[in-house]
$ cat run-v8.pdb   # PDB, C-alpha atoms and all ligand atoms
MODEL        1
ATOM      1  CA  MET W   1      15.526-117.189 -41.981  1.00  0.00           C
ATOM      2  CA  ALA W   2      17.835-114.234 -42.338  1.00  0.00           C
ATOM      3  CA  ILE W   3      21.516-113.443 -42.112  1.00  0.00           C
ATOM      4  CA  LEU W   4      22.115-110.641 -39.611  1.00  0.00           C
ATOM      5  CA  PRO W   5      25.058-108.193 -39.670  1.00  0.00           C
ATOM      6  CA  ILE W   6      27.666-109.033 -36.983  1.00  0.00           C
ATOM      7  CA  LEU W   7      28.929-106.093 -34.898  1.00  0.00           C
ATOM      8  CA  VAL W   8      32.695-105.567 -34.670  1.00  0.00           C
ATOM      9  CA  ALA W   9      34.521-103.974 -31.708  1.00  0.00           C
ATOM     10  CA  PRO W  10      34.617-101.223 -30.662  1.00  0.00           C
ATOM     11  CA  ASP W  11      30.817-100.990 -30.502  1.00  0.00           C
ATOM     12  CA  PRO W  12      29.026 -99.989 -27.291  1.00  0.00           C
ATOM     13  CA  ARG W  13      26.384-102.686 -27.894  1.00  0.00           C
ATOM     14  CA  LEU W  14      29.091-105.342 -27.382  1.00  0.00           C
ATOM     15  CA  LYS W  15      29.813-103.871 -23.918  1.00  0.00           C
ATOM     16  CA  THR W  16      26.179-103.766 -22.720  1.00  0.00           C
ATOM     17  CA  PRO W  17      24.755-106.530 -20.476  1.00  0.00           C
ATOM     18  CA  ALA W  18      21.809-108.261 -22.184  1.00  0.00           C
ATOM     19  CA  LYS W  19      18.305-108.632 -20.726  1.00  0.00           C
ATOM     20  CA  ALA W  20      16.752-111.941 -19.694  1.00  0.00           C
ATOM     21  CA  VAL W  21      14.149-113.496 -21.987  1.00  0.00           C
ATOM     22  CA  GLU W  22      10.718-113.934 -20.325  1.00  0.00           C
ATOM     23  CA  ASN W  23       9.606-116.811 -22.497  1.00  0.00           C
ATOM     24  CA  VAL W  24      11.016-118.567 -25.500  1.00  0.00           C
ATOM     25  CA  ASP W  25       8.204-117.673 -27.900  1.00  0.00           C
ATOM     26  CA  ALA W  26       7.984-117.602 -31.701  1.00  0.00           C
ATOM     27  CA  GLU W  27       9.943-114.326 -31.866  1.00  0.00           C
ATOM     28  CA  ILE W  28      12.847-115.718 -29.814  1.00  0.00           C
ATOM     29  CA  ARG W  29      12.783-118.957 -31.818  1.00  0.00           C
ATOM     30  CA  GLN W  30      13.061-116.891 -35.011  1.00  0.00           C
ATOM     31  CA  LEU W  31      15.985-114.966 -33.506  1.00  0.00           C
ATOM     32  CA  MET W  32      17.688-118.276 -32.598  1.00  0.00           C
ATOM     33  CA  ASP W  33      17.251-119.587 -36.154  1.00  0.00           C
ATOM     34  CA  ASP W  34      18.503-116.338 -37.725  1.00  0.00           C
ATOM     35  CA  MET W  35      21.518-116.406 -35.384  1.00  0.00           C
ATOM     36  CA  LEU W  36      22.312-120.021 -36.368  1.00  0.00           C
ATOM     37  CA  GLU W  37      22.127-119.142 -40.055  1.00  0.00           C
ATOM     38  CA  THR W  38      24.362-116.106 -39.451  1.00  0.00           C
ATOM     39  CA  MET W  39      26.842-118.192 -37.414  1.00  0.00           C
ATOM     40  CA  TYR W  40      27.092-120.949 -40.056  1.00  0.00           C
ATOM     41  CA  GLN W  41      27.539-118.390 -42.811  1.00  0.00           C
ATOM     42  CA  ALA W  42      30.388-116.741 -40.862  1.00  0.00           C
ATOM     43  CA  ASN W  43      32.009-120.158 -40.144  1.00  0.00           C
ATOM     44  CA  GLY W  44      31.645-119.573 -36.401  1.00  0.00           C
ATOM     45  CA  ILE W  45      31.053-122.164 -33.680  1.00  0.00           C
ATOM     46  CA  GLY W  46      28.917-119.853 -31.531  1.00  0.00           C
ATOM     47  CA  LEU W  47      27.071-116.534 -31.583  1.00  0.00           C
ATOM     48  CA  ALA W  48      25.460-114.370 -28.889  1.00  0.00           C
ATOM     49  CA  ALA W  49      22.507-112.029 -29.530  1.00  0.00           C
ATOM     50  CA  PRO W  50      24.445-108.845 -28.572  1.00  0.00           C
ATOM     51  CA  GLN W  51      26.798-109.588 -31.514  1.00  0.00           C
ATOM     52  CA  VAL W  52      23.860-108.997 -33.856  1.00  0.00           C
ATOM     53  CA  GLY W  53      22.701-105.933 -31.938  1.00  0.00           C
ATOM     54  CA  VAL W  54      19.959-107.691 -29.925  1.00  0.00           C
ATOM     55  CA  SER W  55      20.260-107.110 -26.166  1.00  0.00           C
ATOM     56  CA  LYS W  56      18.685-110.439 -25.118  1.00  0.00           C
ATOM     57  CA  ARG W  57      20.168-113.402 -23.249  1.00  0.00           C
ATOM     58  CA  VAL W  58      20.181-115.758 -26.235  1.00  0.00           C
ATOM     59  CA  ILE W  59      23.104-117.791 -27.589  1.00  0.00           C
ATOM     60  CA  VAL W  60      23.553-120.446 -30.262  1.00  0.00           C
ATOM     61  CA  ILE W  61      26.397-122.938 -30.601  1.00  0.00           C
ATOM     62  CA  ASP W  62      27.478-125.714 -32.966  1.00  0.00           C
ATOM     63  CA  VAL W  63      30.938-127.150 -32.353  1.00  0.00           C
ATOM     64  CA  ALA W  64      30.489-130.100 -34.769  1.00  0.00           C
ATOM     65  CA  ARG W  65      33.368-130.382 -37.245  1.00  0.00           C
ATOM     66  CA  ASP W  66      32.765-130.283 -40.992  1.00  0.00           C
ATOM     67  CA  ASP W  67      32.928-134.092 -41.161  1.00  0.00           C
ATOM     68  CA  GLU W  68      30.305-134.488 -38.391  1.00  0.00           C
ATOM     69  CA  GLU W  69      26.524-134.102 -38.337  1.00  0.00           C
ATOM     70  CA  PRO W  70      25.476-130.550 -37.418  1.00  0.00           C
ATOM     71  CA  ASN W  71      24.515-130.213 -33.728  1.00  0.00           C
ATOM     72  CA  PRO W  72      22.868-126.803 -33.270  1.00  0.00           C
ATOM     73  CA  LEU W  73      22.253-125.695 -29.664  1.00  0.00           C
ATOM     74  CA  ARG W  74      19.798-122.888 -28.892  1.00  0.00           C
ATOM     75  CA  MET W  75      19.855-121.400 -25.385  1.00  0.00           C
ATOM     76  CA  ALA W  76      18.036-118.590 -23.592  1.00  0.00           C
ATOM     77  CA  ASN W  77      18.976-117.281 -20.128  1.00  0.00           C
ATOM     78  CA  PRO W  78      21.965-119.645 -19.722  1.00  0.00           C
ATOM     79  CA  GLU W  79      23.409-119.906 -16.185  1.00  0.00           C
ATOM     80  CA  ILE W  80      26.519-121.720 -15.000  1.00  0.00           C
ATOM     81  CA  VAL W  81      25.376-123.945 -12.130  1.00  0.00           C
ATOM     82  CA  TRP W  82      28.760-125.636 -11.646  1.00  0.00           C
ATOM     83  CA  ALA W  83      32.310-124.992 -12.829  1.00  0.00           C
ATOM     84  CA  SER W  84      35.352-127.226 -12.365  1.00  0.00           C
ATOM     85  CA  GLU W  85      38.127-126.103 -10.021  1.00  0.00           C
ATOM     86  CA  THR W  86      40.689-126.802 -12.729  1.00  0.00           C
ATOM     87  CA  GLU W  87      41.222-124.263 -15.478  1.00  0.00           C
ATOM     88  CA  GLN W  88      42.816-124.532 -18.902  1.00  0.00           C
ATOM     89  CA  LEU W  89      44.377-122.178 -21.424  1.00  0.00           C
ATOM     90  CA  HIS W  90      42.927-122.332 -24.927  1.00  0.00           C
ATOM     91  CA  GLU W  91      43.281-120.116 -27.971  1.00  0.00           C
ATOM     92  CA  GLU W  92      40.113-118.129 -28.709  1.00  0.00           C
ATOM     93  CA  GLY W  93      38.862-116.006 -31.543  1.00  0.00           C
ATOM     94  CA  CYS W  94      35.664-113.956 -31.899  1.00  0.00           C
ATOM     95  CA  LEU W  95      33.555-112.911 -34.866  1.00  0.00           C
ATOM     96  CA  SER W  96      33.407-109.437 -33.261  1.00  0.00           C
ATOM     97  CA  LEU W  97      37.260-109.243 -33.134  1.00  0.00           C
ATOM     98  CA  PRO W  98      37.966-110.589 -36.624  1.00  0.00           C
ATOM     99  CA  GLU W  99      41.320-112.311 -37.206  1.00  0.00           C
ATOM    100  CA  GLN W 100      42.484-111.728 -33.613  1.00  0.00           C
ATOM    101  CA  PHE W 101      43.433-114.684 -31.392  1.00  0.00           C
ATOM    102  CA  ALA W 102      44.770-115.130 -27.876  1.00  0.00           C
ATOM    103  CA  GLU W 103      44.997-117.770 -25.166  1.00  0.00           C
ATOM    104  CA  VAL W 104      42.320-117.436 -22.483  1.00  0.00           C
ATOM    105  CA  MET W 105      42.186-119.235 -19.101  1.00  0.00           C
ATOM    106  CA  ARG W 106      38.778-120.720 -18.198  1.00  0.00           C
ATOM    107  CA  PRO W 107      37.335-123.582 -16.127  1.00  0.00           C
ATOM    108  CA  THR W 108      37.899-126.899 -17.924  1.00  0.00           C
ATOM    109  CA  ALA W 109      34.247-127.968 -17.579  1.00  0.00           C
ATOM    110  CA  VAL W 110      30.929-126.319 -16.704  1.00  0.00           C
ATOM    111  CA  ARG W 111      27.293-127.334 -16.197  1.00  0.00           C
ATOM    112  CA  VAL W 112      24.870-124.876 -17.796  1.00  0.00           C
ATOM    113  CA  ARG W 113      21.133-124.502 -17.090  1.00  0.00           C
ATOM    114  CA  TYR W 114      19.082-122.797 -19.814  1.00  0.00           C
ATOM    115  CA  LEU W 115      15.756-122.592 -21.621  1.00  0.00           C
ATOM    116  CA  ASP W 116      15.758-124.454 -24.927  1.00  0.00           C
ATOM    117  CA  HIS W 117      13.888-123.445 -28.106  1.00  0.00           C
ATOM    118  CA  GLU W 118      10.724-125.079 -26.714  1.00  0.00           C
ATOM    119  CA  ASN W 119      10.929-123.059 -23.470  1.00  0.00           C
ATOM    120  CA  GLU W 120      11.933-126.198 -21.517  1.00  0.00           C
ATOM    121  CA  ILE W 121      14.538-125.993 -18.746  1.00  0.00           C
ATOM    122  CA  ARG W 122      17.566-128.104 -19.621  1.00  0.00           C
ATOM    123  CA  GLU W 123      21.060-128.720 -18.294  1.00  0.00           C
ATOM    124  CA  LEU W 124      24.178-129.430 -20.297  1.00  0.00           C
ATOM    125  CA  ASP W 125      27.605-130.634 -19.172  1.00  0.00           C
ATOM    126  CA  ALA W 126      30.169-128.984 -21.394  1.00  0.00           C
ATOM    127  CA  ASP W 127      33.913-129.512 -21.653  1.00  0.00           C
ATOM    128  CA  GLU W 128      36.573-129.234 -24.369  1.00  0.00           C
ATOM    129  CA  MET W 129      35.521-126.960 -27.262  1.00  0.00           C
ATOM    130  CA  LEU W 130      31.865-126.922 -26.175  1.00  0.00           C
ATOM    131  CA  GLY W 131      32.824-125.850 -22.647  1.00  0.00           C
ATOM    132  CA  ILE W 132      35.043-123.048 -23.957  1.00  0.00           C
ATOM    133  CA  CYS W 133      32.439-121.893 -26.460  1.00  0.00           C
ATOM    134  CA  VAL W 134      29.509-121.792 -24.028  1.00  0.00           C
ATOM    135  CA  GLN W 135      31.590-119.718 -21.578  1.00  0.00           C
ATOM    136  CA  HIS W 136      32.706-117.384 -24.401  1.00  0.00           C
ATOM    137  CA  GLU W 137      29.075-116.885 -25.540  1.00  0.00           C
ATOM    138  CA  MET W 138      27.825-116.322 -21.998  1.00  0.00           C
ATOM    139  CA  ASP W 139      30.517-113.655 -21.546  1.00  0.00           C
ATOM    140  CA  HIS W 140      28.985-111.761 -24.488  1.00  0.00           C
ATOM    141  CA  LEU W 141      25.691-111.591 -22.527  1.00  0.00           C
ATOM    142  CA  GLU W 142      27.578-109.630 -19.823  1.00  0.00           C
ATOM    143  CA  GLY W 143      29.255-107.337 -22.349  1.00  0.00           C
ATOM    144  CA  THR W 144      32.570-109.176 -21.933  1.00  0.00           C
ATOM    145  CA  LEU W 145      34.879-110.056 -24.833  1.00  0.00           C
ATOM    146  CA  PHE W 146      37.707-112.601 -24.664  1.00  0.00           C
ATOM    147  CA  VAL W 147      40.243-109.754 -24.640  1.00  0.00           C
ATOM    148  CA  ASP W 148      38.786-108.637 -21.292  1.00  0.00           C
ATOM    149  CA  HIS W 149      40.393-111.791 -19.790  1.00  0.00           C
ATOM    150  CA  LEU W 150      43.869-110.663 -20.933  1.00  0.00           C
ATOM    151  CA  SER W 151      46.323-108.157 -19.476  1.00  0.00           C
ATOM    152  CA  THR W 152      45.706-104.520 -20.391  1.00  0.00           C
ATOM    153  CA  LEU W 153      48.818-104.670 -22.560  1.00  0.00           C
ATOM    154  CA  LYS W 154      47.638-107.666 -24.598  1.00  0.00           C
ATOM    155  CA  ARG W 155      44.077-106.327 -24.829  1.00  0.00           C
ATOM    156  CA  ASN W 156      45.212-102.940 -26.136  1.00  0.00           C
ATOM    157  CA  MET W 157      47.561-104.607 -28.632  1.00  0.00           C
ATOM    158  CA  ILE W 158      44.656-106.564 -30.107  1.00  0.00           C
ATOM    159  CA  LEU W 159      42.238-103.603 -30.098  1.00  0.00           C
ATOM    160  CA  ARG W 160      44.841-101.407 -31.818  1.00  0.00           C
ATOM    161  CA  LYS W 161      45.575-104.089 -34.431  1.00  0.00           C
ATOM    162  CA  LEU W 162      41.862-104.314 -35.110  1.00  0.00           C
ATOM    163  CA  GLN W 163      41.525-100.540 -35.502  1.00  0.00           C
ATOM    164  CA  LYS W 164      44.512-100.469 -37.833  1.00  0.00           C
ATOM    165  CA  ALA W 165      43.054-103.295 -39.923  1.00  0.00           C
ATOM    166  CA  ARG W 166      39.733-101.465 -40.149  1.00  0.00           C
ATOM    167  CA  ARG W 167      41.193 -98.076 -41.089  1.00  0.00           C
ATOM    168  CA  GLY W 168      40.749 -97.443 -44.760  1.00  0.00           C
ATOM    169  CA  GLN W 169      38.249-100.246 -45.140  1.00  0.00           C
ATOM    170  CA  PRO W 170      34.881 -99.146 -46.534  1.00  0.00           C
ATOM    171  CA  ALA W 171      32.264 -98.684 -43.805  1.00  0.00           C
ATOM    172  CA  THR W 172      29.857-101.623 -43.473  1.00  0.00           C
ATOM    173  CA  VAL W 173      26.096-101.156 -43.545  1.00  0.00           C
TER     174      VAL W 173
HETATM  175  O1  LIG P   1      33.748-118.969 -34.028  1.00  0.00           O
HETATM  176  C1  LIG P   1      34.273-118.836 -32.927  1.00  0.00           C
HETATM  177  N1  LIG P   1      35.335-119.604 -32.583  1.00  0.00           N
HETATM  178  C2  LIG P   1      35.824-119.672 -31.302  1.00  0.00           C
HETATM  179  C3  LIG P   1      37.084-120.270 -31.129  1.00  0.00           C
HETATM  180  C4  LIG P   1      37.627-120.386 -29.862  1.00  0.00           C
HETATM  181  C5  LIG P   1      36.929-119.930 -28.771  1.00  0.00           C
HETATM  182  C6  LIG P   1      35.692-119.320 -28.930  1.00  0.00           C
HETATM  183  C7  LIG P   1      35.143-119.202 -30.189  1.00  0.00           C
HETATM  184  S1  LIG P   1      33.582-118.461 -30.376  1.00  0.00           S
HETATM  185  C8  LIG P   1      33.760-117.810 -31.994  1.00  0.00           C
HETATM  186  C9  LIG P   1      32.441-117.191 -32.467  1.00  0.00           C
HETATM  187  C10 LIG P   1      32.096-116.019 -31.590  1.00  0.00           C
HETATM  188  O2  LIG P   1      32.661-114.961 -31.620  1.00  0.00           O
HETATM  189  N2  LIG P   1      31.150-116.209 -30.706  1.00  0.00           N
HETATM  190  O3  LIG P   1      30.811-115.235 -29.853  1.00  0.00           O
HETATM  191 NI    NI P   2      32.619-114.011 -29.636  1.00  0.00          NI
ENDMDL
END

$ encode --input "run-v8.pdb" --output "structure tokens"
Amino acid sequence: MAILPILVAPDPRLKTPAKAVENVDAEIRQLMDDMLETMYQANGIGLAAPQVGVSKRVIVIDVARDDEEPNPLRMANPEIVWASETEQLHEEGCLSLPEQFAEVMRPTAVRVRYLDHENEIRELDADEMLGICVQHEMDHLEGTLFVDHLSTLKRNMILRKLQKARRGQPATV
């Protein structure tokens, strides 16, 4: 297991669509486990491979609260096969936009088809926090950040705040 450095915007790798995985093999399983370790260490509820500089369609999620059993989800090549007509606003954050938050409108519920860590096709019905998180992670695979769902004005406000916060901070490795 290994903790991987998380990329912070602006970074061109966060804007690049990721490539499909051919097979979930030992290398992809290792990536999934490293991403879970990285996500838990960063106190995140999800992480997408492009956030750790890997341009592959792999995401991990665990929306269990601290008082619940961990429930790690490992997904390759996730696809939304159904989305509800109704949408909801919910506040989002992102490990690649640290300390920035905004309300994002998304379908209330989705059904996702994916390959699990054993290369088996599975489907998951996701609503509430899980539904929001899986859509947020899948956006990363297209090079989309939550700020891309906002008005230009709100997006630029957040990106400028982030730049300001990063100015003067020592460069990360
Ligand atoms: O840890 C995270 N929390 C979160 C909160 C609301 C909506 C989405 C998320 S995902 C985020 C981790 C992350 O950046 N995943 O890509
Ligand atoms: Ni994110």

$ closest_residue --input "run-v8.pdb" --among "W:Val8, W:Ala2, W:Leu153, W:Ile80" --to "ligand NI 2 (chain P)" --atoms "all atoms listed in the file"
W:Val8

$ residues_near_ligand --input "run-v8.pdb" --ligand "ligand NI 2 (chain P)" --cutoff "8 Å" --atoms "only C-alpha atoms and all ligand atoms" --output "list of chain:residue names"
W:Gly46, W:Leu47, W:Ala48, W:Gln51, W:Gly93, W:Cys94, W:Leu95, W:Ser96, W:Leu97, W:His136, W:Glu137, W:His140, W:Leu145, W:Phe146

$ closest_residue --input "run-v8.pdb" --among "W:Ile45, W:Ile158, W:Val54, W:Ile59" --to "Tyr114 in chain W" --atoms "only C-alpha atoms"
W:Ile59

$ resolve_selection --input "run-v8.pdb" --expression "the PyMOL selection byres (((chain W and resi 35) around 9) and not hetatm)" --output "list of chain:residue names"
W:Met1, W:Ala2, W:Ile3, W:Leu4, W:Gln30, W:Leu31, W:Met32, W:Asp33, W:Asp34, W:Leu36, W:Glu37, W:Thr38, W:Met39, W:Tyr40, W:Leu47, W:Ala48, W:Ala49, W:Val52, W:Ile59, W:Val60

$ write_last_selection --input "run-v8.pdb" --atoms "C-alpha atoms" --output "short mmCIF file (atom, residue, chain, number, x, y, z; two decimals), in the frame of the given file"
data_model
loop_
_atom_site.label_atom_id
_atom_site.label_comp_id
_atom_site.auth_asym_id
_atom_site.auth_seq_id
_atom_site.Cartn_x
_atom_site.Cartn_y
_atom_site.Cartn_z
CA MET W 1 15.53 -117.19 -41.98
CA ALA W 2 17.84 -114.23 -42.34
CA ILE W 3 21.52 -113.44 -42.11
CA LEU W 4 22.12 -110.64 -39.61
CA GLN W 30 13.06 -116.89 -35.01
CA LEU W 31 15.98 -114.97 -33.51
CA MET W 32 17.69 -118.28 -32.60
CA ASP W 33 17.25 -119.59 -36.15
CA ASP W 34 18.50 -116.34 -37.72
CA LEU W 36 22.31 -120.02 -36.37
CA GLU W 37 22.13 -119.14 -40.06
CA THR W 38 24.36 -116.11 -39.45
CA MET W 39 26.84 -118.19 -37.41
CA TYR W 40 27.09 -120.95 -40.06
CA LEU W 47 27.07 -116.53 -31.58
CA ALA W 48 25.46 -114.37 -28.89
CA ALA W 49 22.51 -112.03 -29.53
CA VAL W 52 23.86 -109.00 -33.86
CA ILE W 59 23.10 -117.79 -27.59
CA VAL W 60 23.55 -120.45 -30.26
#

$ resolve_selection --input "run-v8.pdb" --expression "the PyMOL selection byres (((chain W and resi 132) around 9) and not hetatm)" --output "CSV table (one decimal) with C-alpha atoms, keeping the file's coordinate frame"
chain,number,residue,atom,x,y,z
W,90,HIS,CA,42.9,-122.3,-24.9
W,92,GLU,CA,40.1,-118.1,-28.7
W,106,ARG,CA,38.8,-120.7,-18.2
W,107,PRO,CA,37.3,-123.6,-16.1
W,108,THR,CA,37.9,-126.9,-17.9
W,109,ALA,CA,34.2,-128.0,-17.6
W,110,VAL,CA,30.9,-126.3,-16.7
W,126,ALA,CA,30.2,-129.0,-21.4
W,127,ASP,CA,33.9,-129.5,-21.7
W,128,GLU,CA,36.6,-129.2,-24.4
W,129,MET,CA,35.5,-127.0,-27.3
W,130,LEU,CA,31.9,-126.9,-26.2
W,131,GLY,CA,32.8,-125.8,-22.6
W,133,CYS,CA,32.4,-121.9,-26.5
W,134,VAL,CA,29.5,-121.8,-24.0
W,135,GLN,CA,31.6,-119.7,-21.6
W,136,HIS,CA,32.7,-117.4,-24.4
W,137,GLU,CA,29.1,-116.9,-25.5

$ atom_distance --input "run-v8.pdb" --atom1 "CA of Arg113 in chain W" --atom2 "CA of Lys19 in chain W"
16.5 Å

$ closest_residue --input "run-v8.pdb" --among "W:Asn43, W:Asn119, W:Gln88, W:Asn71" --to "ligand LIG 1 (chain P)" --atoms "only C-alpha atoms and all ligand atoms"
W:Asn43

$ resolve_selection --input "run-v8.pdb" --expression "the PyMOL selection byres (((chain W and resi 124) around 7) and not hetatm)" --output "list of chain:residue names"
W:Arg111, W:Val112, W:Arg113, W:Arg122, W:Glu123, W:Asp125, W:Ala126

$ atom_distance --input "run-v8.pdb" --atom1 "CA of Glu99 in chain W" --atom2 "CA of Ala165 in chain W"
9.6 Å

$ closest_residue --input "run-v8.pdb" --among "W:Val63, W:Leu115, W:Leu89, W:Val104" --to "Glu22 in chain W" --atoms "all atoms listed in the file"
W:Leu115

$ atom_distance --input "run-v8.pdb" --atom1 "CA of Thr86 in chain W" --atom2 "atom C5 of ligand LIG 1 (chain P)"
17.9 Å

$ axis_aligned_box --input "run-v8.pdb" --around "range 55-58 of chain W" --padding-each-side "6 Å" --output "lines of an AutoDock Vina configuration file"
center_x = 19.5
center_y = -111.4
center_z = -24.7
size_x = 13.6
size_y = 20.6
size_z = 15.0

$ closest_residue --input "run-v8.pdb" --among "W:Asp67, W:Asp139, W:Glu118, W:Asp11" --to "ligand LIG 1 (chain P)" --atoms "all atoms listed in the file"
W:Asp139

$ closest_residue --input "run-v8.pdb" --among "W:Gly168, W:Ile6, W:Glu69, W:Met157" --to "ligand LIG 1 (chain P)" --atoms "only C-alpha atoms and all ligand atoms"
W:Ile6
